[in-house]
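Each remark here refers to the structure printed beneath this line.
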Amino acid sequence: MRILVVGGGGREHAIIKKLKENKSVEVIYALPGNGGIARDAVCVPIGATDIAKITEFAVENKIDYAVVAPDDPLVLGAVDALEAKGIPCFGPRANAAIIEGSKVFSKNLMKKYGIPTAEYEVFNDMDSALNYLETAPIPTVIKADGLALGKGVIIAQTRQEAMDAVKSMMADKVFGKSGEHIVIEEFLTGPEVSVLSFTDGKVVKPMVSSMDHKRAGDHDTGLNTGGMGTVAPNPYYTGEIADRCMKEIFLPTIQAMNAEGRTFKGCLYFGLMLTPKGPKVIEYNCRFGDPETQVVLPLLESDLLTVMQATTNGTLADTEVRFSDKNACCVIKASEGYPVSYKKGFPLTMTEEAEKHTFVAGAKLDENGTLVTSGGRVTGTTAVADTLDVAIREAYRLSDGVHFENAYRRSDIGQRALQALN
Ligand code: AMP
Ligand code: GLY
């Protein structure tokens, strides 16, 4: 099998390392990949959103199966374009990827089909949004409709902050077209859980649950980031809650998408909040989460390629998706200053042991072939163990074997989960 993976972060590295476990995989091309991924796949300098070049490459290189990992190419129709050339893909078509691509779409979908989520209003012009905020309950949550590099959600603690957020999205257009329409929604409370799932549009097979750590600083302080670490499973997500989510959220979502003529295939990510009134959807993503994938896939015991192909072929019901009952912890090392501004270009080295457990997110090979840092999040190091506390300790010990100048990591990844267990 000749495989193509679109994307170039830690998530893609985790996907590639897992796909390589299948003996029938001859070659994996990563477009564009990164300097760390280059140790596991053939990296080709084609950008993840350059759909015309991706498709051309796939045809010329006789790709048997393509995995489109990031949100933007999915929303832009990378799967549609590849399928049009006869190349089977993992991931939703554009008409289904809209579940992440438009918050207005996903909120309206949930309302129409009775899927639990925060109460909300949609606004298409600034004056009516500002008018609504005069009397809206505070805190409130302002969301840009479209993709905004994970920055399009603002939790406003005061009325002024809420108004400023609306103005920045709708007048200053800080997220461009993504902020032309906005959602203002009810502020929910409760533990957050990420549940990634495989689906072929008929059945949903959830992966092991996980917990992200989004803030830059210890004890959930500082700015929101793409994620500074993860643990799996998430101790708040009990079997009872999982059953309820399957009935009230997962299956209804798949059925709703079918009813809309937008069958979703691939990985559907449910961002949930376990509120006092039950589990509610905070967001849907049309793809694997990052860094959730870096703890979830190391716990997958079934063959990833087989499961992915089953989502494409519609045979997921007959395909085993088995996870280990162990625990995993992933510790991200980022460049000091992330997510705002940071220096890059420092040599990245890893001990042999650390490298085995590390997914590279932000590093490239320079002119001399040296691996140097090139992004905010640089590495994710994952340990798997029988218990969560050992997984956490091991992940930190292994992460000590990853070296670059200016490295920063949180020191409390998994601590909240440990407390919840005790
Ligand atoms: P998102 O970019 O959609 O992942 O949202 C970022 C974060 O904002 C989520 O992980 C939540 O912590 C928080 N958030 C989003 N919507 C709400 C809400 N309605 N109530 C409280 N927190 C929220
Ligand atoms: N870690 C959150 C996401 O992938 O959206």
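Residues are referred to by chain and number: the chain letter is A, B, ... according to the order shown in the structure tokens, the number counts from 1 in that chain, and ligands are numbered separately from 1 in the order shown.
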
Compute the set of protein, DNA and RNA residues whose minimum atom distance to ligand 2 is at most 7 Å, using only C-alpha atoms and all ligand atoms, and state it as number ranges by chain. A: 150, 212, 226-227, 285, 288-292

From a DSSP pass on the backbone, collect the residues of range 179-211 of chain A flagged as strand (DSSP E) and hand them back as a ChimeraX atom specification. /A:182-186,192-199,204-206,211

Selection as a count of residues only: residues within 6 Å of ligand 1 by only C-alpha atoms and all ligand atoms: 11

Tell me which of A:Met163, A:Ala69, A:Ala391, A:Ile54 sits closest to Asn131 in chain A, counting only C-alpha atoms.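 The closest residue to Asn131 in chain A is A:Met163.
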
Of A:Gly345, A:Gly414, A:Gly179, A:Gly266, the one sitting nearest His213 in chain A when using only C-alpha atoms is A:Gly414

Could you list, with a cut-off of 10 Å and counting only C-alpha atoms, the residues of range 146-238 of chain A near range 304-307 of chain A, each shown with its nearest atom pair and the distance in Å rounded to one decimal, rows sorted by chain and ascending number, as CSV?
residue,atom,partner,partner_atom,distance
A:Phe198,CA,A:Val307,CA,7.9
A:Thr199,CA,A:Val307,CA,9.5
A:Asp200,CA,A:Val307,CA,9.9
A:Lys205,CA,A:Val307,CA,10.0

Write out the residues from the selection above, keeping C-alpha atoms, as an mmCIF file, in the first residue's frame.
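Saved result, out20.cif, follows:
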data_model
loop_
_atom_site.group_PDB
_atom_site.id
_atom_site.type_symbol
_atom_site.label_atom_id
_atom_site.label_comp_id
_atom_site.auth_asym_id
_atom_site.auth_seq_id
_atom_site.Cartn_x
_atom_site.Cartn_y
_atom_site.Cartn_z
ATOM 1 C CA PHE A 198 -14.427 6.608 14.017
ATOM 2 C CA THR A 199 -17.542 6.667 11.885
ATOM 3 C CA ASP A 200 -18.567 5.397 8.469
ATOM 4 C CA LYS A 205 -17.009 3.688 17.366
#

Any chance you could tabulate, as CSV, the residues of range 60-164 of chain A at most 12 Å from range 17-39 of chain A with each one's nearest atom pair and distance in Å to one decimal, using only C-alpha atoms, in chain and rising number order?
residue,atom,partner,partner_atom,distance
A:Asn61,CA,A:Tyr29,CA,9.5
A:Lys62,CA,A:Val27,CA,11.1
A:Ile63,CA,A:Tyr29,CA,9.1
A:Asp64,CA,A:Val25,CA,9.9
A:Tyr65,CA,A:Ile28,CA,9.8
A:Ala66,CA,A:Tyr29,CA,9.4
A:Val67,CA,A:Ala30,CA,9.6
A:Val68,CA,A:Leu31,CA,9.7
A:Ala69,CA,A:Leu31,CA,10.5
A:Pro70,CA,A:Leu31,CA,11.2
A:Pro73,CA,A:Leu31,CA,11.5
